[in-house]
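Student: What follows is work-v1.pdb; its format and atoms are PDB, C-alpha atoms and all ligand atoms.
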```pdb
ATOM      1  CA  MET A1082     -17.189 -38.892  -1.788
ATOM      2  CA  LYS A1083     -18.776 -35.497  -1.158
ATOM      3  CA  THR A1084     -16.958 -32.163  -1.349
ATOM      4  CA  VAL A1085     -17.374 -29.163   0.937
ATOM      5  CA  PHE A1086     -16.185 -25.653   0.065
ATOM      6  CA  ILE A1087     -15.318 -23.637   3.176
ATOM      7  CA  THR A1088     -14.482 -19.933   3.106
ATOM      8  CA  GLY A1089     -12.282 -18.581   5.899
ATOM      9  CA  ALA A1090     -10.755 -21.946   6.769
ATOM     10  CA  THR A1091      -7.470 -20.554   8.106
ATOM     11  CA  SER A1092      -8.815 -19.950  11.600
ATOM     12  CA  GLY A1093     -11.633 -20.375  14.079
ATOM     13  CA  ILE A1094     -14.979 -21.766  12.946
ATOM     14  CA  GLY A1095     -13.882 -22.363   9.341
ATOM     15  CA  LYS A1096     -10.762 -24.253  10.408
ATOM     16  CA  ALA A1097     -12.820 -26.363  12.815
ATOM     17  CA  CYS A1098     -15.264 -27.138   9.988
ATOM     18  CA  ALA A1099     -12.364 -28.223   7.788
ATOM     19  CA  GLY A1100     -11.186 -30.593  10.532
ATOM     20  CA  LYS A1101     -14.658 -31.986  11.175
ATOM     21  CA  PHE A1102     -15.606 -32.602   7.539
ATOM     22  CA  ALA A1103     -12.141 -34.058   6.841
ATOM     23  CA  LYS A1104     -12.610 -36.576   9.661
ATOM     24  CA  GLU A1105     -15.964 -37.484   8.119
ATOM     25  CA  LYS A1106     -14.189 -38.182   4.801
ATOM     26  CA  TYR A1107     -15.341 -35.224   2.752
ATOM     27  CA  ASN A1108     -12.966 -33.759   0.199
ATOM     28  CA  LEU A1109     -12.335 -30.094   0.936
ATOM     29  CA  ILE A1110     -11.849 -26.831  -0.898
ATOM     30  CA  ILE A1111     -10.519 -24.397   1.696
ATOM     31  CA  THR A1112     -10.102 -20.661   1.233
ATOM     32  CA  GLY A1113      -8.569 -17.691   2.998
ATOM     33  CA  ARG A1114      -6.005 -14.951   2.457
ATOM     34  CA  ARG A1115      -3.191 -16.511   4.539
ATOM     35  CA  LYS A1116      -1.559 -18.900   2.090
ATOM     36  CA  GLU A1117       0.895 -20.441   4.561
ATOM     37  CA  ARG A1118      -1.957 -21.467   6.837
ATOM     38  CA  LEU A1119      -3.891 -22.962   3.923
ATOM     39  CA  ASP A1120      -0.818 -24.929   2.830
ATOM     40  CA  ALA A1121      -0.240 -26.250   6.356
ATOM     41  CA  LEU A1122      -3.875 -27.357   6.573
ATOM     42  CA  VAL A1123      -3.681 -29.142   3.226
ATOM     43  CA  LYS A1124      -0.708 -31.173   4.469
ATOM     44  CA  GLU A1125      -2.252 -31.966   7.823
ATOM     45  CA  LEU A1126      -5.787 -32.833   6.733
ATOM     46  CA  SER A1127      -5.036 -34.735   3.545
ATOM     47  CA  SER A1128      -2.454 -37.049   5.111
ATOM     48  CA  GLU A1129      -4.344 -37.651   8.382
ATOM     49  CA  ASN A1130      -7.694 -38.383   6.722
ATOM     50  CA  ASN A1131      -6.803 -39.750   3.298
ATOM     51  CA  ILE A1132      -8.901 -37.141   1.499
ATOM     52  CA  LYS A1133      -8.216 -34.545  -1.194
ATOM     53  CA  VAL A1134      -7.813 -30.916  -0.101
ATOM     54  CA  LEU A1135      -7.563 -27.962  -2.483
ATOM     55  CA  PRO A1136      -6.423 -24.563  -1.185
ATOM     56  CA  LEU A1137      -7.717 -21.404  -2.875
ATOM     57  CA  CYS A1138      -6.075 -18.196  -1.717
ATOM     58  CA  PHE A1139      -8.157 -15.075  -2.352
ATOM     59  CA  ASP A1140      -9.770 -12.115  -0.651
ATOM     60  CA  VAL A1141     -13.562 -12.546  -0.710
ATOM     61  CA  GLN A1142     -13.905  -8.771  -1.168
ATOM     62  CA  ASP A1143     -12.202  -9.023  -4.561
ATOM     63  CA  ARG A1144     -14.969  -9.928  -6.998
ATOM     64  CA  LYS A1145     -12.612 -10.681  -9.900
ATOM     65  CA  ALA A1146     -10.383 -12.899  -7.744
ATOM     66  CA  VAL A1147     -13.370 -14.825  -6.393
ATOM     67  CA  PHE A1148     -14.828 -15.528  -9.840
ATOM     68  CA  SER A1149     -11.448 -16.302 -11.356
ATOM     69  CA  ALA A1150     -10.537 -18.830  -8.607
ATOM     70  CA  ILE A1151     -13.870 -20.628  -8.892
ATOM     71  CA  GLU A1152     -14.291 -20.465 -12.674
ATOM     72  CA  ASN A1153     -10.810 -21.930 -13.106
ATOM     73  CA  LEU A1154     -11.391 -24.973 -10.923
ATOM     74  CA  SER A1155     -10.005 -28.029 -12.674
ATOM     75  CA  PRO A1156     -12.485 -30.667 -13.887
ATOM     76  CA  GLU A1157     -11.770 -32.929 -10.882
ATOM     77  CA  TRP A1158     -12.986 -30.127  -8.552
ATOM     78  CA  GLN A1159     -16.084 -29.303 -10.599
ATOM     79  CA  ARG A1160     -18.332 -31.026  -8.094
ATOM     80  CA  VAL A1161     -19.164 -29.330  -4.798
ATOM     81  CA  ASP A1162     -22.011 -30.451  -2.549
ATOM     82  CA  ILE A1163     -21.826 -28.034   0.369
ATOM     83  CA  LEU A1164     -20.783 -24.386   0.541
ATOM     84  CA  ILE A1165     -20.029 -22.970   3.987
ATOM     85  CA  ASN A1166     -19.982 -19.178   3.744
ATOM     86  CA  ASN A1167     -17.965 -18.488   6.865
ATOM     87  CA  ALA A1168     -15.293 -15.882   5.987
ATOM     88  CA  GLY A1169     -15.999 -12.638   7.780
ATOM     89  CA  LEU A1170     -15.027 -10.306  10.534
ATOM     90  CA  ALA A1171     -15.899  -7.467  12.865
ATOM     91  CA  LEU A1172     -13.610  -4.441  12.909
ATOM     92  CA  GLY A1173     -13.895  -2.084  15.868
ATOM     93  CA  LYS A1174     -16.682  -1.692  18.401
ATOM     94  CA  ASP A1175     -17.297   2.038  18.368
ATOM     95  CA  ALA A1176     -20.241   4.399  18.432
ATOM     96  CA  PHE A1177     -21.868   5.193  15.103
ATOM     97  CA  ASP A1178     -20.522   8.770  15.163
ATOM     98  CA  GLU A1179     -16.975   7.705  16.034
ATOM     99  CA  ALA A1180     -16.380   4.436  14.147
ATOM    100  CA  ASP A1181     -13.814   4.327  11.337
ATOM    101  CA  ILE A1182     -15.669   4.407   8.008
ATOM    102  CA  ASN A1183     -12.942   2.231   6.442
ATOM    103  CA  ASP A1184     -13.862  -0.462   8.977
ATOM    104  CA  TRP A1185     -17.491  -0.209   7.856
ATOM    105  CA  ASP A1186     -16.421  -0.694   4.244
ATOM    106  CA  THR A1187     -14.286  -3.721   5.094
ATOM    107  CA  MET A1188     -17.068  -5.396   7.095
ATOM    108  CA  LEU A1189     -19.718  -4.836   4.446
ATOM    109  CA  ASN A1190     -17.376  -5.816   1.622
ATOM    110  CA  SER A1191     -16.318  -9.032   3.402
ATOM    111  CA  ASN A1192     -19.427 -10.194   5.238
ATOM    112  CA  VAL A1193     -21.988  -9.212   2.614
ATOM    113  CA  HIS A1194     -20.363  -8.711  -0.795
ATOM    114  CA  GLY A1195     -17.872 -11.536  -0.229
ATOM    115  CA  LEU A1196     -20.626 -13.987   0.636
ATOM    116  CA  LEU A1197     -22.641 -12.894  -2.409
ATOM    117  CA  TYR A1198     -19.678 -13.200  -4.798
ATOM    118  CA  VAL A1199     -18.620 -16.655  -3.578
ATOM    119  CA  THR A1200     -22.173 -17.973  -3.727
ATOM    120  CA  ARG A1201     -22.920 -16.647  -7.205
ATOM    121  CA  ALA A1202     -19.601 -17.886  -8.545
ATOM    122  CA  LEU A1203     -20.095 -21.381  -7.102
ATOM    123  CA  LEU A1204     -23.788 -21.817  -7.918
ATOM    124  CA  PRO A1205     -23.297 -23.324 -11.405
ATOM    125  CA  ILE A1206     -21.137 -26.047  -9.809
ATOM    126  CA  LEU A1207     -23.394 -26.517  -6.761
ATOM    127  CA  LYS A1208     -26.414 -27.008  -9.009
ATOM    128  CA  LYS A1209     -24.752 -30.125 -10.422
ATOM    129  CA  SER A1210     -24.730 -31.806  -6.989
ATOM    130  CA  ALA A1211     -27.404 -34.380  -6.150
ATOM    131  CA  ALA A1212     -27.886 -32.705  -2.751
ATOM    132  CA  PRO A1213     -26.632 -29.122  -2.800
ATOM    133  CA  HIS A1214     -26.526 -27.208   0.483
ATOM    134  CA  ILE A1215     -25.494 -23.633   1.304
ATOM    135  CA  ILE A1216     -24.686 -22.887   4.936
ATOM    136  CA  ASN A1217     -24.260 -19.212   5.825
ATOM    137  CA  ILE A1218     -22.642 -18.098   9.069
ATOM    138  CA  GLY A1219     -24.635 -15.216  10.497
ATOM    139  CA  SER A1220     -24.500 -14.206  14.160
ATOM    140  CA  THR A1221     -26.601 -13.325  17.176
ATOM    141  CA  ALA A1222     -25.478  -9.843  16.043
ATOM    142  CA  GLY A1223     -27.757 -10.420  13.051
ATOM    143  CA  LYS A1224     -30.735 -10.990  15.321
ATOM    144  CA  GLU A1225     -30.371  -8.084  17.778
ATOM    145  CA  VAL A1226     -28.472  -4.828  17.412
ATOM    146  CA  TYR A1227     -26.255  -3.998  20.406
ATOM    147  CA  GLU A1228     -24.525  -0.801  21.462
ATOM    148  CA  ASN A1229     -21.505  -0.017  19.229
ATOM    149  CA  GLY A1230     -22.273  -3.051  17.058
ATOM    150  CA  ASN A1231     -23.869  -0.871  14.341
ATOM    151  CA  VAL A1232     -22.380  -1.896  10.985
ATOM    152  CA  TYR A1233     -21.170  -5.358  12.066
ATOM    153  CA  CYS A1234     -24.752  -6.062  13.186
ATOM    154  CA  ALA A1235     -26.062  -4.629   9.903
ATOM    155  CA  SER A1236     -23.775  -6.942   7.929
ATOM    156  CA  LYS A1237     -25.084  -9.970   9.826
ATOM    157  CA  PHE A1238     -28.722  -8.816   9.499
ATOM    158  CA  ALA A1239     -27.928  -8.798   5.779
ATOM    159  CA  VAL A1240     -26.659 -12.391   6.000
ATOM    160  CA  ASP A1241     -29.955 -13.316   7.671
ATOM    161  CA  ALA A1242     -31.979 -11.603   4.916
ATOM    162  CA  ILE A1243     -29.820 -13.018   2.122
ATOM    163  CA  SER A1244     -30.214 -16.532   3.569
ATOM    164  CA  LYS A1245     -34.005 -16.157   3.545
ATOM    165  CA  ALA A1246     -33.883 -14.805  -0.004
ATOM    166  CA  MET A1247     -31.645 -17.635  -1.212
ATOM    167  CA  ARG A1248     -33.967 -20.207   0.380
ATOM    168  CA  ILE A1249     -36.886 -18.828  -1.637
ATOM    169  CA  ASP A1250     -35.138 -18.239  -4.955
ATOM    170  CA  LEU A1251     -33.090 -21.444  -4.955
ATOM    171  CA  LEU A1252     -35.979 -23.685  -3.887
ATOM    172  CA  LYS A1253     -36.680 -24.531  -7.520
ATOM    173  CA  HIS A1254     -33.163 -25.955  -7.789
ATOM    174  CA  GLY A1255     -33.560 -28.124  -4.675
ATOM    175  CA  ILE A1256     -30.803 -26.267  -2.831
ATOM    176  CA  LYS A1257     -30.951 -26.364   0.958
ATOM    177  CA  VAL A1258     -30.090 -23.070   2.660
ATOM    178  CA  THR A1259     -29.224 -23.021   6.347
ATOM    179  CA  ALA A1260     -28.231 -19.978   8.394
ATOM    180  CA  ILE A1261     -26.264 -20.600  11.593
ATOM    181  CA  HIS A1262     -26.126 -17.722  14.072
ATOM    182  CA  PRO A1263     -23.511 -18.213  16.797
ATOM    183  CA  GLY A1264     -23.073 -16.115  19.913
ATOM    184  CA  ALA A1265     -19.654 -15.604  21.498
ATOM    185  CA  ALA A1266     -17.173 -18.195  20.205
ATOM    186  CA  GLU A1267     -13.523 -18.049  21.215
ATOM    187  CA  THR A1268     -11.576 -17.785  17.947
ATOM    188  CA  GLU A1269      -9.401 -15.023  16.468
ATOM    189  CA  PHE A1270     -12.604 -12.986  16.028
ATOM    190  CA  SER A1271     -12.065 -10.597  18.962
ATOM    191  CA  LEU A1272      -8.332 -10.237  18.296
ATOM    192  CA  VAL A1273      -9.232  -9.113  14.757
ATOM    193  CA  ARG A1274     -12.070  -6.911  15.992
ATOM    194  CA  PHE A1275      -9.790  -5.137  18.495
ATOM    195  CA  LYS A1276      -6.951  -4.908  15.973
ATOM    196  CA  GLY A1277      -4.432  -7.079  17.788
ATOM    197  CA  ASN A1278      -5.206  -5.879  21.337
ATOM    198  CA  GLN A1279      -4.939  -9.243  23.129
ATOM    199  CA  PRO A1280      -6.076  -8.104  26.624
ATOM    200  CA  LYS A1281      -9.212  -6.539  25.105
ATOM    201  CA  ALA A1282      -9.881  -9.702  23.122
ATOM    202  CA  ASP A1283      -9.344 -11.952  26.156
ATOM    203  CA  ALA A1284     -11.763  -9.847  28.226
ATOM    204  CA  VAL A1285     -14.634 -10.852  25.912
ATOM    205  CA  TYR A1286     -14.363 -14.477  27.051
ATOM    206  CA  GLN A1287     -13.362 -13.845  30.662
ATOM    207  CA  ASP A1288     -15.521 -15.554  33.271
ATOM    208  CA  ILE A1289     -17.674 -17.378  30.731
ATOM    209  CA  LYS A1290     -17.224 -20.683  28.978
ATOM    210  CA  PRO A1291     -17.694 -19.532  25.389
ATOM    211  CA  LEU A1292     -18.497 -21.666  22.392
ATOM    212  CA  SER A1293     -15.525 -23.072  20.495
ATOM    213  CA  GLY A1294     -15.074 -23.346  16.754
ATOM    214  CA  ALA A1295     -15.520 -27.100  17.191
ATOM    215  CA  ASP A1296     -18.936 -26.603  18.860
ATOM    216  CA  ILE A1297     -20.143 -24.721  15.784
ATOM    217  CA  ALA A1298     -18.499 -27.163  13.368
ATOM    218  CA  ASP A1299     -20.302 -30.092  15.042
ATOM    219  CA  THR A1300     -23.612 -28.244  14.679
ATOM    220  CA  ILE A1301     -22.916 -27.416  11.050
ATOM    221  CA  PHE A1302     -22.027 -31.027  10.360
ATOM    222  CA  TYR A1303     -25.280 -32.133  11.993
ATOM    223  CA  CYS A1304     -27.258 -29.770   9.723
ATOM    224  CA  ALA A1305     -25.352 -31.108   6.714
ATOM    225  CA  SER A1306     -26.039 -34.751   7.620
ATOM    226  CA  LEU A1307     -29.826 -34.706   7.848
ATOM    227  CA  PRO A1308     -31.971 -36.697   5.408
ATOM    228  CA  PRO A1309     -32.387 -35.085   1.967
ATOM    229  CA  HIS A1310     -35.929 -33.845   2.691
ATOM    230  CA  VAL A1311     -34.999 -32.131   5.992
ATOM    231  CA  CYS A1312     -33.564 -28.597   6.034
ATOM    232  CA  ILE A1313     -32.706 -26.605   9.142
ATOM    233  CA  ASN A1314     -33.485 -23.090   8.020
ATOM    234  CA  ASP A1315     -32.250 -20.971  10.887
ATOM    235  CA  LEU A1316     -30.332 -21.903  13.996
ATOM    236  CA  VAL A1317     -29.181 -19.634  16.846
ATOM    237  CA  ILE A1318     -26.521 -21.136  19.089
ATOM    238  CA  THR A1319     -25.000 -19.636  22.239
ATOM    239  CA  CYS A1320     -23.014 -20.934  25.170
ATOM    240  CA  LEU A1321     -24.857 -21.569  28.432
ATOM    241  CA  HIS A1322     -23.647 -18.235  29.856
ATOM    242  CA  GLN A1323     -25.200 -16.204  27.059
ATOM    243  CA  ALA A1324     -28.929 -15.706  26.489
ATOM    244  CA  ASN A1325     -28.598 -13.296  23.558
ATOM    245  CA  SER A1326     -26.537 -10.275  22.512
ATOM    246  CA  PHE A1327     -27.313  -8.511  25.797
ATOM    247  CA  TYR A1328     -27.556 -11.051  28.579
ATOM    248  CA  MET A1329     -24.425 -12.768  29.793
ATOM    249  CA  SER A1330     -24.045 -14.493  33.169
ATOM    250  CA  LYS A1331     -20.638 -15.191  34.651
ATOM    251  CA  LYS A1332     -19.263 -18.556  35.736
ATOM    252  CA  SER A1333     -19.885 -19.093  39.425
TER     253      SER A1333
HETATM  254  P1  LIG B1401     -11.608 -15.897  12.843
HETATM  255  O1  LIG B1401     -11.023 -14.519  12.826
HETATM  256  O2  LIG B1401     -10.946 -16.908  13.716
HETATM  257  O3  LIG B1401     -11.704 -16.473  11.363
HETATM  258  C1  LIG B1401     -12.147 -15.672  10.299
HETATM  259  C2  LIG B1401     -11.835 -16.357   8.983
HETATM  260  O4  LIG B1401     -12.360 -15.555   7.922
HETATM  261  C3  LIG B1401     -10.350 -16.510   8.741
HETATM  262  O5  LIG B1401     -10.102 -17.776   8.190
HETATM  263  C4  LIG B1401     -10.044 -15.433   7.721
HETATM  264  O6  LIG B1401      -9.009 -15.871   6.854
HETATM  265  C5  LIG B1401     -11.360 -15.330   6.954
HETATM  266  N1  LIG B1401     -11.527 -14.026   6.323
HETATM  267  C6  LIG B1401     -11.800 -12.847   6.925
HETATM  268  N2  LIG B1401     -11.840 -11.861   6.017
HETATM  269  C7  LIG B1401     -11.590 -12.439   4.807
HETATM  270  C8  LIG B1401     -11.472 -11.945   3.495
HETATM  271  N3  LIG B1401     -11.637 -10.631   3.209
HETATM  272  N4  LIG B1401     -11.205 -12.806   2.490
HETATM  273  C9  LIG B1401     -11.034 -14.123   2.757
HETATM  274  N5  LIG B1401     -11.124 -14.661   3.980
HETATM  275  C10 LIG B1401     -11.394 -13.813   4.999
HETATM  276  O7  LIG B1401     -13.127 -15.688  13.283
HETATM  277  P2  LIG B1401     -14.346 -16.732  13.421
HETATM  278  O8  LIG B1401     -13.941 -18.082  13.066
HETATM  279  O9  LIG B1401     -14.952 -16.490  14.739
HETATM  280  O10 LIG B1401     -15.319 -16.109  12.325
HETATM  281  C11 LIG B1401     -15.907 -16.864  11.293
HETATM  282  C12 LIG B1401     -17.280 -16.300  11.003
HETATM  283  O11 LIG B1401     -18.107 -16.476  12.140
HETATM  284  C13 LIG B1401     -17.318 -14.815  10.678
HETATM  285  O12 LIG B1401     -18.231 -14.603   9.619
HETATM  286  C14 LIG B1401     -17.846 -14.192  11.964
HETATM  287  O13 LIG B1401     -18.504 -12.982  11.735
HETATM  288  C15 LIG B1401     -18.795 -15.275  12.426
HETATM  289  N6  LIG B1401     -19.135 -15.268  13.828
HETATM  290  C16 LIG B1401     -18.170 -15.360  14.801
HETATM  291  C17 LIG B1401     -18.543 -15.364  16.134
HETATM  292  C18 LIG B1401     -17.549 -15.395  17.234
HETATM  293  O14 LIG B1401     -17.907 -15.025  18.382
HETATM  294  N7  LIG B1401     -16.334 -15.839  17.000
HETATM  295  C19 LIG B1401     -19.969 -15.339  16.525
HETATM  296  C20 LIG B1401     -20.872 -15.211  15.432
HETATM  297  C21 LIG B1401     -20.473 -15.206  14.143
HETATM  298  P3  LIG B1401      -7.754 -14.982   6.380
HETATM  299  O15 LIG B1401      -7.488 -13.963   7.442
HETATM  300  O16 LIG B1401      -6.657 -15.979   6.179
HETATM  301  O17 LIG B1401      -8.218 -14.382   5.100
HETATM  302  C1  LIG B1402     -19.967 -12.364  16.947
HETATM  303  C2  LIG B1402     -20.803 -12.302  18.192
HETATM  304  O1  LIG B1402     -21.721 -10.742  19.985
HETATM  305  O2  LIG B1402     -19.470 -10.315  19.194
HETATM  306  O3  LIG B1402     -20.752 -12.269  15.817
HETATM  307  O4  LIG B1402     -21.352  -9.796  17.831
HETATM  308  S1  LIG B1402     -20.838 -10.693  18.805
END
```
Please express the file's structure as structure tokens.
Tutor:
Amino acid sequence: MKTVFITGATSGIGKACAGKFAKEKYNLIITGRRKERLDALVKELSSENNIKVLPLCFDVQDRKAVFSAIENLSPEWQRVDILINNAGLALGKDAFDEADINDWDTMLNSNVHGLLYVTRALLPILKKSAAPHIINIGSTAGKEVYENGNVYCASKFAVDAISKAMRIDLLKHGIKVTAIHPGAAETEFSLVRFKGNQPKADAVYQDIKPLSGADIADTIFYCASLPPHVCINDLVITCLHQANSFYMSKKS
């Protein structure tokens, strides 16, 4: 049985990935900061799918906590085949000269440093897999910069660059590296970005049929199920109503 390690599994895309891989009989290591959600998922997914699920509660920004959680994995969890670097967020959508600098720090610390810490900490274990695969969640925001996207876009451009760098440097270890770049997906993303302002969050998805977490999870699972010699390097995925960061058509 293979094992997948999913960061940010308490909501949205990460939670959908946990559900999808569980159904496909993978054992799971799921992470996030909200312990009660992790515990609920463990109960639900392990009993429904007859798999093993390990919750790890830590903040990806906290380098010590990340390394300690992963370095202290018990021997039965010392084999991981797939890492899905999904945990991340946008905070605010404000002009460069008006945005809260604390929000910038949180986005860079989570989306960039967090991804780096988790990957470095897990690499010794991943290298032991017969078919190791790292899947990084970027964004269309990491392909084109949009107005007031500034540092969120920069963090996802960094994910794009880091994915390319990993693919080169980890080639000698036979590690597949795939970057998935979704456009608008209806999750808790906008609620987090707009700091709990539900009407503002809802407006993002009004009059379009956005992607769902499950749409992305299915795509990720497809990338993870290809023959050993086939690696999808980079994949941009949007809903039909979205061409890129700028062009959105409304449902007729
Ligand atoms: P959600 O807000 O629904 O989920 C985000 C997940 O990340 C949660 O499980 C959250 O867990 C976790 N997370 C956030 N910060 C931290 C942290 N510091 N430490 C540990 N876990 C953290 O959003 P999505 O599912 O939409 O987002 C998942 C990824 O997809 C993000 O990287 C996002 O940038 C990216 N993305 C999203 C798009 C969208 O339109 N939704 C489009 C393109 C990319 P907890 O709060 O429990 O810690
Ligand atoms: C999330 C998509 O367009 O809100 O990464 O930046 S967008």
Student: Ranking A:Pro1213, A:Gly1277, A:Gly1100, A:Gly1093 by minimum distance to ligand LIG 1402 (chain B) and counting all atoms listed in the file, which one comes first?
Tutor: A:Gly1093
Student: Could you list, as an NGL selection string, all residues that come within 7 Å of ligand LIG 1401 (chain B)? Count all atoms listed in the file.
Tutor: :A and (1088-1096 or 1112-1115 or 1139-1142 or 1167-1171 or 1191-1192 or 1218-1221 or 1262-1270 or 1273 or 1294)
Student: Could you turn the residues from that selection into a file that holds C-alpha atoms, as an mmCIF file, keeping the file's coordinate frame?
Tutor:
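Output (selection31.cif):
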```
data_model
loop_
_atom_site.group_PDB
_atom_site.id
_atom_site.type_symbol
_atom_site.label_atom_id
_atom_site.label_comp_id
_atom_site.auth_asym_id
_atom_site.auth_seq_id
_atom_site.Cartn_x
_atom_site.Cartn_y
_atom_site.Cartn_z
ATOM 1 C CA THR A 1088 -14.482 -19.933 3.106
ATOM 2 C CA GLY A 1089 -12.282 -18.581 5.899
ATOM 3 C CA ALA A 1090 -10.755 -21.946 6.769
ATOM 4 C CA THR A 1091 -7.470 -20.554 8.106
ATOM 5 C CA SER A 1092 -8.815 -19.950 11.600
ATOM 6 C CA GLY A 1093 -11.633 -20.375 14.079
ATOM 7 C CA ILE A 1094 -14.979 -21.766 12.946
ATOM 8 C CA GLY A 1095 -13.882 -22.363 9.341
ATOM 9 C CA LYS A 1096 -10.762 -24.253 10.408
ATOM 10 C CA THR A 1112 -10.102 -20.661 1.233
ATOM 11 C CA GLY A 1113 -8.569 -17.691 2.998
ATOM 12 C CA ARG A 1114 -6.005 -14.951 2.457
ATOM 13 C CA ARG A 1115 -3.191 -16.511 4.539
ATOM 14 C CA PHE A 1139 -8.157 -15.075 -2.352
ATOM 15 C CA ASP A 1140 -9.770 -12.115 -0.651
ATOM 16 C CA VAL A 1141 -13.562 -12.546 -0.710
ATOM 17 C CA GLN A 1142 -13.905 -8.771 -1.168
ATOM 18 C CA ASN A 1167 -17.965 -18.488 6.865
ATOM 19 C CA ALA A 1168 -15.293 -15.882 5.987
ATOM 20 C CA GLY A 1169 -15.999 -12.638 7.780
ATOM 21 C CA LEU A 1170 -15.027 -10.306 10.534
ATOM 22 C CA ALA A 1171 -15.899 -7.467 12.865
ATOM 23 C CA SER A 1191 -16.318 -9.032 3.402
ATOM 24 C CA ASN A 1192 -19.427 -10.194 5.238
ATOM 25 C CA ILE A 1218 -22.642 -18.098 9.069
ATOM 26 C CA GLY A 1219 -24.635 -15.216 10.497
ATOM 27 C CA SER A 1220 -24.500 -14.206 14.160
ATOM 28 C CA THR A 1221 -26.601 -13.325 17.176
ATOM 29 C CA HIS A 1262 -26.126 -17.722 14.072
ATOM 30 C CA PRO A 1263 -23.511 -18.213 16.797
ATOM 31 C CA GLY A 1264 -23.073 -16.115 19.913
ATOM 32 C CA ALA A 1265 -19.654 -15.604 21.498
ATOM 33 C CA ALA A 1266 -17.173 -18.195 20.205
ATOM 34 C CA GLU A 1267 -13.523 -18.049 21.215
ATOM 35 C CA THR A 1268 -11.576 -17.785 17.947
ATOM 36 C CA GLU A 1269 -9.401 -15.023 16.468
ATOM 37 C CA PHE A 1270 -12.604 -12.986 16.028
ATOM 38 C CA VAL A 1273 -9.232 -9.113 14.757
ATOM 39 C CA GLY A 1294 -15.074 -23.346 16.754
#
```
Student: Quick one: pull the distance between CA of Val1226 in chain A and CA of Ile1318 in chain A, Å, one decimal.
Tutor: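 Answer for the CA of Val1226 in chain A to CA of Ile1318 in chain A separation: 16.5 Å.
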Student: In Å, how far is it from CA of Tyr1233 in chain A to CA of Cys1098 in chain A?
Tutor: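 Atom-to-atom, CA of Tyr1233 in chain A and CA of Cys1098 in chain A are spaced 22.7 Å apart.
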Student: Find the distance between CA of Val1193 in chain A and CA of Asp1178 in chain A and write it in Å to one decimal.
Tutor: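 Computed distance, CA of Val1193 in chain A to CA of Asp1178 in chain A, equals 22.0 Å.
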Student: Give me the result of the PyMOL selection byres (((chain A and resi 1182-1186) around 8) and not hetatm) on this file, residue by residue, as a short mmCIF file (atom, residue, chain, number, x, y, z; two decimals) with C-alpha atoms, in the frame of the given file.
Tutor:
```
data_model
loop_
_atom_site.label_atom_id
_atom_site.label_comp_id
_atom_site.auth_asym_id
_atom_site.auth_seq_id
_atom_site.Cartn_x
_atom_site.Cartn_y
_atom_site.Cartn_z
CA LEU A 1172 -13.61 -4.44 12.91
CA GLY A 1173 -13.90 -2.08 15.87
CA ALA A 1180 -16.38 4.44 14.15
CA ASP A 1181 -13.81 4.33 11.34
CA THR A 1187 -14.29 -3.72 5.09
CA MET A 1188 -17.07 -5.40 7.10
CA LEU A 1189 -19.72 -4.84 4.45
CA ASN A 1190 -17.38 -5.82 1.62
CA VAL A 1232 -22.38 -1.90 10.98
CA TYR A 1233 -21.17 -5.36 12.07
#
```
Student: Which is closest to Pro1291 in chain A among A:Ser1149, A:Ser1330, A:Asn1314, A:Ser1127, if we use only C-alpha atoms?
Tutor: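 Comparing A:Ser1149, A:Ser1330, A:Asn1314, A:Ser1127 against Pro1291 in chain A, the winner is A:Ser1330.
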Student: With 5 Å on each side, where is the centre of the axis-aligned box around all listed atoms of ligand LIG 1402 (chain B), and how long are its edges in Å to one decimal, as lines of an AutoDock Vina configuration file?
Tutor:
```
center_x = -20.6
center_y = -11.1
center_z = 17.9
size_x = 12.3
size_y = 12.6
size_z = 14.2
```
